[in-house]
Amino acid sequence: MSGVWMKKSCSPPAVGKPGREMKIGVLALQGDFEAHLKMLMRCEVEAIAVRQAAEITEIDGLIVPGGESTAIGKLADLFELTEPIRNRVQNGMPLFGTCAGLIWMAREIEGSDQPLLGLLDVTVARNAFGRQVDSFEADIPMPLLGDRPLRAVFIRAPYVLQAGEGVQVLARYEDKIVCVQEGNLLGAAFHPELTSDERLHRHFRRMVEDSKNESAPHHLAYNAR
Amino acid sequence: MSDYETQRATWRTKVGLAEMLKGGVIMDVVSPEQAAIAEEAGAVAVMALERVPADIRAQGGVARMADPAKIKEIMASVTIPVMAKARIGHFAEAQILESLGVDFIDESEVLTPADEQFHINKHAFKVPFVCGCRDLGEALRRCGEGAAMIRTKGEAGTGNVVEAVRHMRAVMDGIRRVQTAPEEELMAIAKELQAPYDFILDVHRSGKLPVPNFSAGGIATPSDAALMRQLGAEALFVGSGIFKSADPKERAAAIVKACTYFDRPDILAEISTGLGEPMLSLDVRRLDEKELLATRGW
């Protein structure tokens, strides 16, 4: 049983889109990365677990999962993954972070100097809804994904205290900002990977598709469906 | 702004926190200083204790829930989740721990059991619980009572991984057996394992425990960590193994790295180098039957 998922990438059967190969990585240092890998398979995307710098060159988009942001940040620094990820993302690779992932992407964390990727122009408050006994789930409206609200699971969750000008607010819970996008950066304070609702992952998949089409114009020919 | 249908402390948020701890190391600590060292080393959570298992073993007497002052002090000193232990069956200790706001309760055989017949009804709490097990039946009984995370019992405070290995192999063998059995045999298996039928059915379909499956009890080195991860543990508890060793800081960081790169012997070789003495360890076969902690609970 052990470690098998690490060695094999999860390739779904090809579904009639020649030339549109796309690979999304999930940072697998710590946290619920398996839940994201499963979600990507359901979205018919080839997904790989990323633990080494070499794997960062193979992927077209990266998800940073939920977990403990201090542990993920430290491991990413220790194993020299932060800089290669920062380079790729600054050159347009889409990045999606949930909970700890959002924290790690942020420019600033309120009252903390923990290691960060620091690219998303937001200030985040950690454990902002309280401790575990205050963890909750709720339906939150997200017009980007349609009329049906999204079931959002918040676990010792952060929220966005302040968002820069270029940051689009995708969802709020009560008055708190809980989902944002800034260009190729997507961040959620909750865990869509723990539900069966694929819509936010499918939105990220479209971001990755678009970035591939932009960066490799010869692929545009395949775009006519 | 009215109808968000907010639900607190659902099964999904309880198991969800266990999901977030996967691939990580939960460390026993007895002071804010140790908690800070654990967090700095990359621990995903700490277990706030009065004494680590090795000392409980050495000192004897009744081991109880830690003093709330100690737990609060540790909670104030780190941003990662803080767990605490309650005695088996001692739901009043668990109620106190919940009111303190700890993030997880370990209903633990390391403390002296308060009830030799019944475990805590964990469904009655907002805070999630982790429980120890020695095989699949015990794991699923605890799930039936509401545990949101299962760990092997191992033999705590020995620095000897042999019992954790035995228990993890028993759980994984049980899972493989249930998974491959034809469906008509599952009720008889449920009867034999004394496990709830619905969970047996769940294991049959998923090939996994219904909740995250962690390991504890005797892990002392990075290679122990790698061994348990390869045997199927999704994360690790390290008790006495860190702060009873010669260089806790280095050992804590090394075990964290080993937990992530458990299938990379090249990296494990590097992080195992020059770590200094591990904790003072015990041969489990020389322990008297009465000294075994794993036999507490059913």
# chains A, B, ... in the order shown; residues from 1 in each chain; ligands from 1
$ interface_residues --of "chain B" --to "chain A" --cutoff "6 Å" --atoms "only C-alpha atoms" --output "list in words"
Tyr4, Glu5, Thr6, Gln7, Arg8, Ala9, Glu19, Met20, Leu21, Lys22, Gly23, Gly24, Gly42, Val44, Asp103, Lys126, Val127, Gln230, Gly232 and Thr260 of chain B
$ write_last_selection --atoms "N, CA, C and O atoms" --output "mmCIF file, in the first residue's frame"
data_model
loop_
_atom_site.group_PDB
_atom_site.id
_atom_site.type_symbol
_atom_site.label_atom_id
_atom_site.label_comp_id
_atom_site.auth_asym_id
_atom_site.auth_seq_id
_atom_site.Cartn_x
_atom_site.Cartn_y
_atom_site.Cartn_z
ATOM 1 N N TYR B 4 -26.509 31.161 5.847
ATOM 2 C CA TYR B 4 -25.282 30.458 5.480
ATOM 3 C C TYR B 4 -25.302 29.005 5.934
ATOM 4 O O TYR B 4 -24.416 28.254 5.632
ATOM 5 N N GLU B 5 -26.314 28.643 6.702
ATOM 6 C CA GLU B 5 -26.405 27.282 7.241
ATOM 7 C C GLU B 5 -25.093 26.817 7.859
ATOM 8 O O GLU B 5 -24.541 25.789 7.500
ATOM 9 N N THR B 6 -24.577 27.614 8.766
ATOM 10 C CA THR B 6 -23.318 27.269 9.417
ATOM 11 C C THR B 6 -23.516 26.119 10.400
ATOM 12 O O THR B 6 -24.423 26.151 11.214
ATOM 13 N N GLN B 7 -22.661 25.099 10.278
ATOM 14 C CA GLN B 7 -22.679 23.994 11.235
ATOM 15 C C GLN B 7 -21.295 23.864 11.836
ATOM 16 O O GLN B 7 -20.308 23.761 11.102
ATOM 17 N N ARG B 8 -21.245 23.844 13.157
ATOM 18 C CA ARG B 8 -19.959 23.759 13.834
ATOM 19 C C ARG B 8 -19.633 22.329 14.245
ATOM 20 O O ARG B 8 -20.526 21.526 14.474
ATOM 21 N N ALA B 9 -18.333 22.050 14.340
ATOM 22 C CA ALA B 9 -17.852 20.769 14.867
ATOM 23 C C ALA B 9 -18.578 19.579 14.243
ATOM 24 O O ALA B 9 -19.095 18.709 14.922
ATOM 25 N N GLU B 19 -7.008 14.967 8.750
ATOM 26 C CA GLU B 19 -6.482 14.985 7.372
ATOM 27 C C GLU B 19 -5.337 15.997 7.238
ATOM 28 O O GLU B 19 -4.342 15.751 6.560
ATOM 29 N N MET B 20 -5.498 17.143 7.892
ATOM 30 C CA MET B 20 -4.501 18.214 7.784
ATOM 31 C C MET B 20 -3.182 17.837 8.457
ATOM 32 O O MET B 20 -2.149 18.410 8.159
ATOM 33 N N LEU B 21 -3.238 16.880 9.397
ATOM 34 C CA LEU B 21 -2.021 16.498 10.120
ATOM 35 C C LEU B 21 -1.235 15.414 9.391
ATOM 36 O O LEU B 21 -0.118 15.077 9.786
ATOM 37 N N LYS B 22 -1.820 14.882 8.305
ATOM 38 C CA LYS B 22 -1.169 13.782 7.587
ATOM 39 C C LYS B 22 0.222 14.183 7.100
ATOM 40 O O LYS B 22 0.447 15.330 6.728
ATOM 41 N N GLY B 23 1.106 13.193 7.091
ATOM 42 C CA GLY B 23 2.464 13.435 6.619
ATOM 43 C C GLY B 23 3.291 14.200 7.639
ATOM 44 O O GLY B 23 4.415 14.604 7.339
ATOM 45 N N GLY B 24 2.752 14.396 8.839
ATOM 46 C CA GLY B 24 3.447 15.212 9.827
ATOM 47 C C GLY B 24 3.770 14.451 11.096
ATOM 48 O O GLY B 24 3.446 13.270 11.239
ATOM 49 N N GLY B 42 9.239 21.913 12.987
ATOM 50 C CA GLY B 42 8.291 21.553 11.937
ATOM 51 C C GLY B 42 7.221 20.566 12.377
ATOM 52 O O GLY B 42 6.560 19.958 11.534
ATOM 53 N N VAL B 44 3.622 19.213 13.383
ATOM 54 C CA VAL B 44 2.296 19.675 12.952
ATOM 55 C C VAL B 44 1.365 19.884 14.133
ATOM 56 O O VAL B 44 0.310 20.505 14.000
ATOM 57 N N ASP B 103 -7.254 21.177 20.788
ATOM 58 C CA ASP B 103 -7.681 20.910 19.413
ATOM 59 C C ASP B 103 -7.977 19.433 19.162
ATOM 60 O O ASP B 103 -8.685 19.097 18.209
ATOM 61 N N LYS B 126 -17.573 18.202 20.938
ATOM 62 C CA LYS B 126 -17.264 19.037 19.768
ATOM 63 C C LYS B 126 -15.822 18.819 19.322
ATOM 64 O O LYS B 126 -15.476 18.954 18.164
ATOM 65 N N VAL B 127 -14.968 18.525 20.284
ATOM 66 C CA VAL B 127 -13.548 18.358 19.981
ATOM 67 C C VAL B 127 -13.329 16.941 19.438
ATOM 68 O O VAL B 127 -13.980 15.998 19.887
ATOM 69 N N GLN B 230 6.202 3.557 5.822
ATOM 70 C CA GLN B 230 6.142 2.577 4.732
ATOM 71 C C GLN B 230 5.179 1.439 5.041
ATOM 72 O O GLN B 230 4.613 0.828 4.135
ATOM 73 N N GLY B 232 2.379 1.901 6.357
ATOM 74 C CA GLY B 232 1.022 2.407 6.142
ATOM 75 C C GLY B 232 0.574 3.540 7.041
ATOM 76 O O GLY B 232 -0.535 4.057 6.877
ATOM 77 N N THR B 260 8.371 12.936 5.887
ATOM 78 C CA THR B 260 8.012 13.352 4.523
ATOM 79 C C THR B 260 8.745 12.529 3.468
ATOM 80 O O THR B 260 8.157 12.103 2.485
#
$ select_by_dssp --residues "segment 44-121 of chain A" --states "strand (DSSP E or B)" --output "number ranges by chain"
A: 46-50, 61-64, 95-98, 106-109, 120-121
$ write_last_selection --atoms "all heavy atoms" --output "short mmCIF file (atom, residue, chain, number, x, y, z; two decimals), in the first residue's frame"
data_model
loop_
_atom_site.label_atom_id
_atom_site.label_comp_id
_atom_site.auth_asym_id
_atom_site.auth_seq_id
_atom_site.Cartn_x
_atom_site.Cartn_y
_atom_site.Cartn_z
N GLU A 46 -4.17 15.04 -15.21
CA GLU A 46 -3.04 14.25 -14.75
C GLU A 46 -2.42 14.99 -13.56
O GLU A 46 -2.07 16.16 -13.65
CB GLU A 46 -2.02 14.08 -15.87
CG GLU A 46 -0.90 13.15 -15.44
CD GLU A 46 0.13 12.93 -16.53
OE1 GLU A 46 -0.11 13.33 -17.69
OE2 GLU A 46 1.18 12.37 -16.21
N ALA A 47 -2.29 14.27 -12.45
CA ALA A 47 -1.81 14.92 -11.23
C ALA A 47 -0.61 14.18 -10.66
O ALA A 47 -0.57 12.96 -10.67
CB ALA A 47 -2.93 14.93 -10.18
N ILE A 48 0.39 14.93 -10.18
CA ILE A 48 1.53 14.30 -9.54
C ILE A 48 1.81 14.94 -8.18
O ILE A 48 1.54 16.12 -7.97
CB ILE A 48 2.83 14.35 -10.39
CG1 ILE A 48 3.29 15.79 -10.61
CG2 ILE A 48 2.64 13.63 -11.71
CD1 ILE A 48 4.74 15.87 -11.06
N ALA A 49 2.34 14.10 -7.28
CA ALA A 49 2.77 14.60 -5.98
C ALA A 49 4.17 15.21 -6.15
O ALA A 49 5.04 14.59 -6.75
CB ALA A 49 2.82 13.46 -4.98
N VAL A 50 4.36 16.42 -5.66
CA VAL A 50 5.64 17.12 -5.83
C VAL A 50 6.38 17.20 -4.49
O VAL A 50 5.85 17.74 -3.52
CB VAL A 50 5.39 18.55 -6.37
CG1 VAL A 50 6.67 19.38 -6.33
CG2 VAL A 50 4.83 18.50 -7.78
N GLY A 61 0.90 23.60 -13.37
CA GLY A 61 0.21 24.32 -12.30
C GLY A 61 0.50 23.59 -11.01
O GLY A 61 0.86 22.41 -11.03
N LEU A 62 0.35 24.29 -9.88
CA LEU A 62 0.68 23.67 -8.60
C LEU A 62 -0.39 24.00 -7.57
O LEU A 62 -0.86 25.14 -7.50
CB LEU A 62 2.04 24.16 -8.10
CG LEU A 62 2.52 23.58 -6.75
CD1 LEU A 62 2.85 22.09 -6.88
CD2 LEU A 62 3.74 24.34 -6.23
N ILE A 63 -0.75 22.97 -6.78
CA ILE A 63 -1.65 23.19 -5.65
C ILE A 63 -0.86 23.02 -4.36
O ILE A 63 -0.10 22.07 -4.22
CB ILE A 63 -2.84 22.20 -5.68
CG1 ILE A 63 -3.72 22.46 -6.91
CG2 ILE A 63 -3.66 22.31 -4.39
CD1 ILE A 63 -4.91 21.53 -7.03
N VAL A 64 -1.02 23.96 -3.44
CA VAL A 64 -0.44 23.82 -2.11
C VAL A 64 -1.60 23.48 -1.17
O VAL A 64 -2.55 24.25 -1.05
CB VAL A 64 0.26 25.12 -1.65
CG1 VAL A 64 0.94 24.90 -0.31
CG2 VAL A 64 1.27 25.55 -2.70
N LEU A 95 -1.01 28.94 -9.48
CA LEU A 95 -0.80 28.37 -8.16
C LEU A 95 -2.10 28.50 -7.39
O LEU A 95 -2.75 29.54 -7.41
CB LEU A 95 0.31 29.15 -7.45
CG LEU A 95 0.71 28.71 -6.04
CD1 LEU A 95 1.40 27.36 -6.09
CD2 LEU A 95 1.67 29.74 -5.42
N PHE A 96 -2.49 27.40 -6.72
CA PHE A 96 -3.75 27.38 -5.97
C PHE A 96 -3.43 26.89 -4.56
O PHE A 96 -2.85 25.82 -4.40
CB PHE A 96 -4.73 26.43 -6.69
CG PHE A 96 -6.06 26.21 -6.00
CD1 PHE A 96 -6.56 27.10 -5.05
CD2 PHE A 96 -6.83 25.10 -6.33
CE1 PHE A 96 -7.80 26.87 -4.43
CE2 PHE A 96 -8.07 24.87 -5.73
CZ PHE A 96 -8.55 25.75 -4.78
N GLY A 97 -3.76 27.68 -3.55
CA GLY A 97 -3.51 27.26 -2.17
C GLY A 97 -4.80 27.20 -1.38
O GLY A 97 -5.65 28.08 -1.48
N THR A 98 -4.96 26.12 -0.58
CA THR A 98 -6.13 26.04 0.30
C THR A 98 -5.65 26.08 1.75
O THR A 98 -4.74 25.34 2.12
CB THR A 98 -6.96 24.77 0.07
OG1 THR A 98 -6.17 23.60 0.33
CG2 THR A 98 -7.47 24.69 -1.35
N ALA A 106 0.77 34.01 0.87
CA ALA A 106 0.53 35.42 1.20
C ALA A 106 1.82 36.22 1.37
O ALA A 106 2.86 35.68 1.74
CB ALA A 106 -0.31 35.49 2.47
N ARG A 107 1.71 37.53 1.12
CA ARG A 107 2.84 38.43 1.36
C ARG A 107 3.11 38.57 2.84
O ARG A 107 4.25 38.69 3.26
CB ARG A 107 2.52 39.84 0.80
CG ARG A 107 2.54 39.94 -0.68
CD ARG A 107 3.75 40.75 -1.17
NE ARG A 107 3.79 40.69 -2.62
CZ ARG A 107 3.25 41.60 -3.42
NH1 ARG A 107 2.67 42.67 -2.92
NH2 ARG A 107 3.32 41.46 -4.72
N GLU A 108 2.02 38.59 3.62
CA GLU A 108 2.21 38.87 5.03
C GLU A 108 1.22 38.10 5.91
O GLU A 108 0.06 37.94 5.55
CB GLU A 108 2.00 40.38 5.27
CG GLU A 108 2.74 40.87 6.49
CD GLU A 108 2.58 42.37 6.68
OE1 GLU A 108 2.58 43.12 5.69
OE2 GLU A 108 2.41 42.76 7.85
N ILE A 109 1.72 37.63 7.05
CA ILE A 109 0.86 36.98 8.04
C ILE A 109 0.85 37.85 9.28
O ILE A 109 1.91 38.24 9.78
CB ILE A 109 1.40 35.58 8.42
CG1 ILE A 109 1.68 34.75 7.18
CG2 ILE A 109 0.42 34.86 9.36
CD1 ILE A 109 0.52 34.54 6.28
N LEU A 120 1.23 36.40 -3.08
CA LEU A 120 -0.15 36.89 -3.16
C LEU A 120 -0.27 38.16 -2.32
O LEU A 120 0.08 38.17 -1.14
CB LEU A 120 -1.10 35.78 -2.66
CG LEU A 120 -2.60 36.04 -2.68
CD1 LEU A 120 -3.11 36.19 -4.11
CD2 LEU A 120 -3.34 34.90 -1.98
N ASP A 121 -0.81 39.21 -2.94
CA ASP A 121 -0.80 40.53 -2.30
C ASP A 121 -1.92 40.65 -1.26
O ASP A 121 -2.86 41.43 -1.42
CB ASP A 121 -0.94 41.61 -3.38
CG ASP A 121 -0.75 43.00 -2.81
OD1 ASP A 121 -0.29 43.11 -1.65
OD2 ASP A 121 -1.07 43.97 -3.53
#
$ closest_residue --among "B:Gly61, B:Pro53, B:Pro196, B:Pro212" --to "Glu234 of chain B" --atoms "only C-alpha atoms"
B:Pro212
$ residues_around --residues "Gly274 of chain B" --least-positions-apart "6" --cutoff "12 Å" --atoms "only C-alpha atoms" --output "list in words"
Thr221, Pro222, Ala246, Asp247, Glu250, Arg251 and Ala254 of chain B
$ atom_distance --atom1 "atom CA of Met47 of chain B" --atom2 "atom CA of Val29 of chain B"
5.9 Å
